Amino acid sequence: MFYHLAKDPSQVDKLRAELEPLLNGKTRLDQKDIAKAQHLNGVIQEALRLHPAIPSGFPRLTPTEGITVSGTYIPGEMTVVLPVYAMQHDEENYEQAEEFVPERWYSRPEMIKNRDAFLTWNIGEFGCHFWENNKFADRQPRHERLHRPRVGHHRDARSDDALDPELQVGPLR
Ligand code: HEM
């Protein structure tokens, strides 16, 4: 995040313009202020998009009987991985995908072509608990969507409901 701010000082100006009125004489922002800080939330989200903490993706085992995901049959006992870095840098999912554009997360939603292509926290019941409890801004609708699919963890993906056949991940390639 600081790399992008250092590279583009206009982003720092935007942050200052947003945060100074919210500080309003206080020395630090509280949780309520942070929820109102759209640009700050966009900056964090955009840094997490371009630099996901686990870029390679998360291995999952398919159930013994196999599974069909978005029309593609995958045999049982296979390890499948969603390539997080590639998805989050793909022009099919994000306009100007290689650019740092925090505004796409609040005032320029048309720059996000596929909202499900954000996997920094992963999805499903084993996704990050921190995200579950500390949504940065008010993104409840998206948060609900993120947690609806039940994708099994590599530790126990063989349970009956580990992989949701209705999970829409787009064409496998
Ligand atoms: C930028 C910060 C963070 C990122 C990007 C991140 C991302 C992730 C990812 C990708 C997973 C793996 C999910 C999976 O295997 O499907 C995970 C798991 C987890 N994270 Fe985070 N995390 C962050 C910070 C935190 C923090 C601060 C906490 C706790 C206070 C936390 C608690 C957990 C827990 C408990 C799990 C395990 C969930 C499970 O296996 O059931 N994370 N996180």
# chains A, B, ... in the order shown; residues from 1 in each chain; ligands from 1
call {"tool": "closest_atom_pairs", "arguments": {"of": "chain A", "to": "ligand 1", "cutoff": "6 Å", "atoms": "only C-alpha atoms and all ligand atoms", "output": "CSV"}}
result
residue,atom,partner,partner_atom_place_in_ligand_line,distance
A:Ala53,CA,ligand 1,5 (C),4.9
A:Ile54,CA,ligand 1,10 (C),5.9
A:Thr120,CA,ligand 1,5 (C),5.4
A:Trp121,CA,ligand 1,10 (C),4.3
A:Asn122,CA,ligand 1,10 (C),5.0
A:Phe126,CA,ligand 1,41 (O),4.0
A:Gly127,CA,ligand 1,13 (C),3.9
A:Cys128,CA,ligand 1,17 (C),3.7
A:His129,CA,ligand 1,33 (C),4.6
A:Phe130,CA,ligand 1,31 (C),4.3
call {"tool": "residues_around", "arguments": {"residues": "Pro75 of chain A", "least_positions_apart": "2", "cutoff": "12 Å", "atoms": "only C-alpha atoms", "output": "NGL selection string"}}
result
:A and (61-69 or 72-73 or 77-80)
call {"tool": "atom_distance", "arguments": {"atom1": "atom CA of Glu98 of chain A", "atom2": "atom CA of Gly57 of chain A"}}
result
18.7 Å
call {"tool": "residues_around", "arguments": {"residues": "Leu15 of chain A", "least_positions_apart": "6", "cutoff": "9 Å", "atoms": "only C-alpha atoms", "output": "VMD selection string"}}
result
chain A and resid 37 39 to 40 43
call {"tool": "write_last_selection", "arguments": {"atoms": "C-alpha atoms", "output": "compact mmCIF listing (two decimals), in the first residue's frame"}}
result
# COMPACT_ATOMS: atom_id res chain seq x y z
CA ALA A 37 -13.57 6.85 4.80
CA HIS A 39 -11.02 6.44 -0.23
CA LEU A 40 -9.04 4.88 2.62
CA VAL A 43 -6.78 2.19 -1.00
call {"tool": "select_by_dssp", "arguments": {"residues": "segment 7-155 of chain A", "states": "strand (DSSP E or B)", "output": "list in words"}}
result
Pro59, Arg60, Leu61, Ile67, Thr68, Val69, Thr72, Tyr73, Ile74, Thr79, Val80, Val81, Tyr94, Ile112 and Val151 of chain A
call {"tool": "write_last_selection", "arguments": {"atoms": "N, CA and C atoms", "output": "PDB file, in the first residue's frame"}}
result
ATOM      1  N   PRO A  59      -5.269 -24.655  -2.116  1.00  0.00           N
ATOM      2  CA  PRO A  59      -5.595 -25.996  -2.621  1.00  0.00           C
ATOM      3  C   PRO A  59      -6.816 -26.591  -1.917  1.00  0.00           C
ATOM      4  N   ARG A  60      -7.683 -27.229  -2.694  1.00  0.00           N
ATOM      5  CA  ARG A  60      -8.863 -27.899  -2.155  1.00  0.00           C
ATOM      6  C   ARG A  60      -8.984 -29.267  -2.816  1.00  0.00           C
ATOM      7  N   LEU A  61      -9.455 -30.271  -2.063  1.00  0.00           N
ATOM      8  CA  LEU A  61      -9.655 -31.607  -2.623  1.00  0.00           C
ATOM      9  C   LEU A  61     -11.101 -31.772  -3.052  1.00  0.00           C
ATOM     10  N   ILE A  67     -17.055 -33.717  -8.980  1.00  0.00           N
ATOM     11  CA  ILE A  67     -17.964 -32.583  -8.879  1.00  0.00           C
ATOM     12  C   ILE A  67     -17.980 -31.815 -10.205  1.00  0.00           C
ATOM     13  N   THR A  68     -19.138 -31.219 -10.519  1.00  0.00           N
ATOM     14  CA  THR A  68     -19.223 -30.385 -11.714  1.00  0.00           C
ATOM     15  C   THR A  68     -19.267 -28.926 -11.281  1.00  0.00           C
ATOM     16  N   VAL A  69     -18.293 -28.159 -11.708  1.00  0.00           N
ATOM     17  CA  VAL A  69     -18.241 -26.737 -11.358  1.00  0.00           C
ATOM     18  C   VAL A  69     -18.350 -25.923 -12.643  1.00  0.00           C
ATOM     19  N   THR A  72     -18.057 -27.888 -15.813  1.00  0.00           N
ATOM     20  CA  THR A  72     -16.868 -28.728 -16.049  1.00  0.00           C
ATOM     21  C   THR A  72     -16.782 -29.797 -14.960  1.00  0.00           C
ATOM     22  N   TYR A  73     -16.756 -31.082 -15.400  1.00  0.00           N
ATOM     23  CA  TYR A  73     -16.668 -32.168 -14.418  1.00  0.00           C
ATOM     24  C   TYR A  73     -15.219 -32.328 -13.952  1.00  0.00           C
ATOM     25  N   ILE A  74     -15.036 -32.398 -12.647  1.00  0.00           N
ATOM     26  CA  ILE A  74     -13.695 -32.629 -12.086  1.00  0.00           C
ATOM     27  C   ILE A  74     -13.783 -33.946 -11.303  1.00  0.00           C
ATOM     28  N   THR A  79      -6.813 -32.214  -6.564  1.00  0.00           N
ATOM     29  CA  THR A  79      -6.545 -30.929  -5.921  1.00  0.00           C
ATOM     30  C   THR A  79      -6.864 -29.820  -6.918  1.00  0.00           C
ATOM     31  N   VAL A  80      -7.729 -28.916  -6.511  1.00  0.00           N
ATOM     32  CA  VAL A  80      -8.038 -27.765  -7.383  1.00  0.00           C
ATOM     33  C   VAL A  80      -7.588 -26.486  -6.673  1.00  0.00           C
ATOM     34  N   VAL A  81      -7.188 -25.522  -7.477  1.00  0.00           N
ATOM     35  CA  VAL A  81      -6.678 -24.267  -6.915  1.00  0.00           C
ATOM     36  C   VAL A  81      -7.256 -23.095  -7.705  1.00  0.00           C
ATOM     37  N   TYR A  94     -11.090  -6.976 -14.076  1.00  0.00           N
ATOM     38  CA  TYR A  94     -10.888  -5.586 -13.635  1.00  0.00           C
ATOM     39  C   TYR A  94     -10.407  -4.738 -14.804  1.00  0.00           C
ATOM     40  N   ILE A 112     -14.914  -2.646 -12.018  1.00  0.00           N
ATOM     41  CA  ILE A 112     -14.865  -4.030 -11.523  1.00  0.00           C
ATOM     42  C   ILE A 112     -15.855  -4.825 -12.372  1.00  0.00           C
ATOM     43  N   VAL A 151     -16.885 -23.973   0.108  1.00  0.00           N
ATOM     44  CA  VAL A 151     -15.791 -24.647  -0.591  1.00  0.00           C
ATOM     45  C   VAL A 151     -14.933 -25.325   0.463  1.00  0.00           C
TER      46      VAL A 151
END
call {"tool": "select_by_dssp", "arguments": {"residues": "segment 82-112 of chain A", "states": "alpha helix (DSSP H)", "output": "list in words"}}
result
Val84, Tyr85, Ala86, Met87 and Gln88 of chain A
call {"tool": "write_last_selection", "arguments": {"atoms": "N, CA and C atoms", "output": "PDB file, in the first residue's frame"}}
result
ATOM      1  N   VAL A  84      -5.357 -16.944  -7.329  1.00  0.00           N
ATOM      2  CA  VAL A  84      -5.779 -15.641  -6.801  1.00  0.00           C
ATOM      3  C   VAL A  84      -5.099 -14.475  -7.523  1.00  0.00           C
ATOM      4  N   TYR A  85      -3.777 -14.527  -7.603  1.00  0.00           N
ATOM      5  CA  TYR A  85      -3.042 -13.405  -8.215  1.00  0.00           C
ATOM      6  C   TYR A  85      -3.510 -13.184  -9.652  1.00  0.00           C
ATOM      7  N   ALA A  86      -3.579 -14.284 -10.417  1.00  0.00           N
ATOM      8  CA  ALA A  86      -3.963 -14.166 -11.827  1.00  0.00           C
ATOM      9  C   ALA A  86      -5.373 -13.588 -11.953  1.00  0.00           C
ATOM     10  N   MET A  87      -6.298 -14.063 -11.127  1.00  0.00           N
ATOM     11  CA  MET A  87      -7.680 -13.566 -11.218  1.00  0.00           C
ATOM     12  C   MET A  87      -7.764 -12.086 -10.882  1.00  0.00           C
ATOM     13  N   GLN A  88      -6.983 -11.668  -9.906  1.00  0.00           N
ATOM     14  CA  GLN A  88      -7.072 -10.278  -9.451  1.00  0.00           C
ATOM     15  C   GLN A  88      -6.303  -9.304 -10.356  1.00  0.00           C
TER      16      GLN A  88
END
call {"tool": "closest_atom_pairs", "arguments": {"of": "segment 44-79 of chain A", "to": "segment 2-5 of chain A", "cutoff": "10 Å", "atoms": "only C-alpha atoms", "output": "CSV"}}
result
residue,atom,partner,partner_atom,distance
A:Ile44,CA,A:Phe2,CA,9.9
A:Glu46,CA,A:His4,CA,9.7
A:Ala47,CA,A:His4,CA,7.9
call {"tool": "closest_residue", "arguments": {"among": "A:Ser10, A:Leu19, A:Asp90, A:Lys26", "to": "Arg49 of chain A", "atoms": "only C-alpha atoms"}}
result
A:Asp90
call {"tool": "closest_residue", "arguments": {"among": "A:Leu82, A:Ala6, A:Ala35, A:Leu29", "to": "Pro55 of chain A", "atoms": "only C-alpha atoms"}}
result
A:Leu82
call {"tool": "residues_around", "arguments": {"residues": "Ile34 of chain A", "least_positions_apart": "2", "cutoff": "12 Å", "atoms": "only C-alpha atoms", "output": "VMD selection string"}}
result
chain A and resid 15 18 to 23 28 to 32 36 to 42 44 134 to 138
call {"tool": "write_last_selection", "arguments": {"atoms": "N, CA and C atoms", "output": "compact mmCIF listing (two decimals), in the first residue's frame"}}
result
# COMPACT_ATOMS: atom_id res chain seq x y z
N LEU A 15 -6.24 11.13 0.44
CA LEU A 15 -6.43 10.55 1.76
C LEU A 15 -6.49 11.66 2.83
N GLU A 18 -9.68 13.48 2.81
CA GLU A 18 -10.79 12.70 3.38
C GLU A 18 -10.67 12.56 4.90
N LEU A 19 -9.44 12.35 5.38
CA LEU A 19 -9.28 11.98 6.79
C LEU A 19 -9.25 13.18 7.74
N GLU A 20 -8.73 14.31 7.26
CA GLU A 20 -8.62 15.45 8.18
C GLU A 20 -9.97 15.88 8.76
N PRO A 21 -11.01 16.05 7.93
CA PRO A 21 -12.31 16.41 8.51
C PRO A 21 -12.85 15.33 9.46
N LEU A 22 -12.55 14.07 9.16
CA LEU A 22 -13.05 13.00 10.04
C LEU A 22 -12.33 13.04 11.39
N LEU A 23 -11.06 13.41 11.36
CA LEU A 23 -10.30 13.50 12.63
C LEU A 23 -10.88 14.61 13.51
N ARG A 28 -6.74 10.22 16.74
CA ARG A 28 -6.87 9.01 15.91
C ARG A 28 -8.31 8.77 15.51
N LEU A 29 -8.44 8.02 14.41
CA LEU A 29 -9.79 7.72 13.90
C LEU A 29 -10.38 6.57 14.68
N ASP A 30 -11.69 6.63 14.94
CA ASP A 30 -12.31 5.43 15.52
C ASP A 30 -12.97 4.61 14.41
N GLN A 31 -13.49 3.47 14.80
CA GLN A 31 -14.07 2.52 13.84
C GLN A 31 -15.15 3.16 12.97
N LYS A 32 -15.97 4.02 13.61
CA LYS A 32 -17.08 4.66 12.88
C LYS A 32 -16.53 5.57 11.77
N LYS A 36 -16.59 5.43 7.30
CA LYS A 36 -17.01 6.51 6.39
C LYS A 36 -15.92 6.87 5.38
N ALA A 37 -14.70 6.43 5.63
CA ALA A 37 -13.57 6.85 4.80
C ALA A 37 -13.49 5.99 3.54
N GLN A 38 -14.26 6.38 2.53
CA GLN A 38 -14.35 5.57 1.31
C GLN A 38 -13.03 5.43 0.59
N HIS A 39 -12.28 6.53 0.52
CA HIS A 39 -11.02 6.44 -0.23
C HIS A 39 -10.01 5.57 0.52
N LEU A 40 -9.95 5.73 1.83
CA LEU A 40 -9.04 4.88 2.62
C LEU A 40 -9.39 3.40 2.41
N ASN A 41 -10.68 3.10 2.47
CA ASN A 41 -11.08 1.70 2.26
C ASN A 41 -10.73 1.23 0.85
N GLY A 42 -10.89 2.14 -0.12
CA GLY A 42 -10.53 1.79 -1.49
C GLY A 42 -9.04 1.53 -1.63
N ILE A 44 -6.97 0.47 0.70
CA ILE A 44 -6.64 -0.82 1.34
C ILE A 44 -7.06 -1.97 0.44
N ASN A 134 -14.24 -8.10 10.74
CA ASN A 134 -13.72 -6.73 10.64
C ASN A 134 -13.85 -6.18 9.24
N LYS A 135 -15.07 -6.19 8.69
CA LYS A 135 -15.23 -5.62 7.37
C LYS A 135 -14.77 -4.18 7.43
N PHE A 136 -13.97 -3.77 6.45
CA PHE A 136 -13.43 -2.42 6.52
C PHE A 136 -14.55 -1.41 6.42
N ALA A 137 -15.25 -1.42 5.31
CA ALA A 137 -16.34 -0.47 5.15
C ALA A 137 -17.66 -1.24 5.14
N ASP A 138 -18.71 -0.55 4.80
CA ASP A 138 -20.00 -1.22 4.77
C ASP A 138 -20.16 -1.99 3.46
call {"tool": "closest_residue", "arguments": {"among": "A:Arg115, A:Leu50, A:Glu125, A:Met1", "to": "Ala97 of chain A", "atoms": "only C-alpha atoms"}}
result
A:Leu50
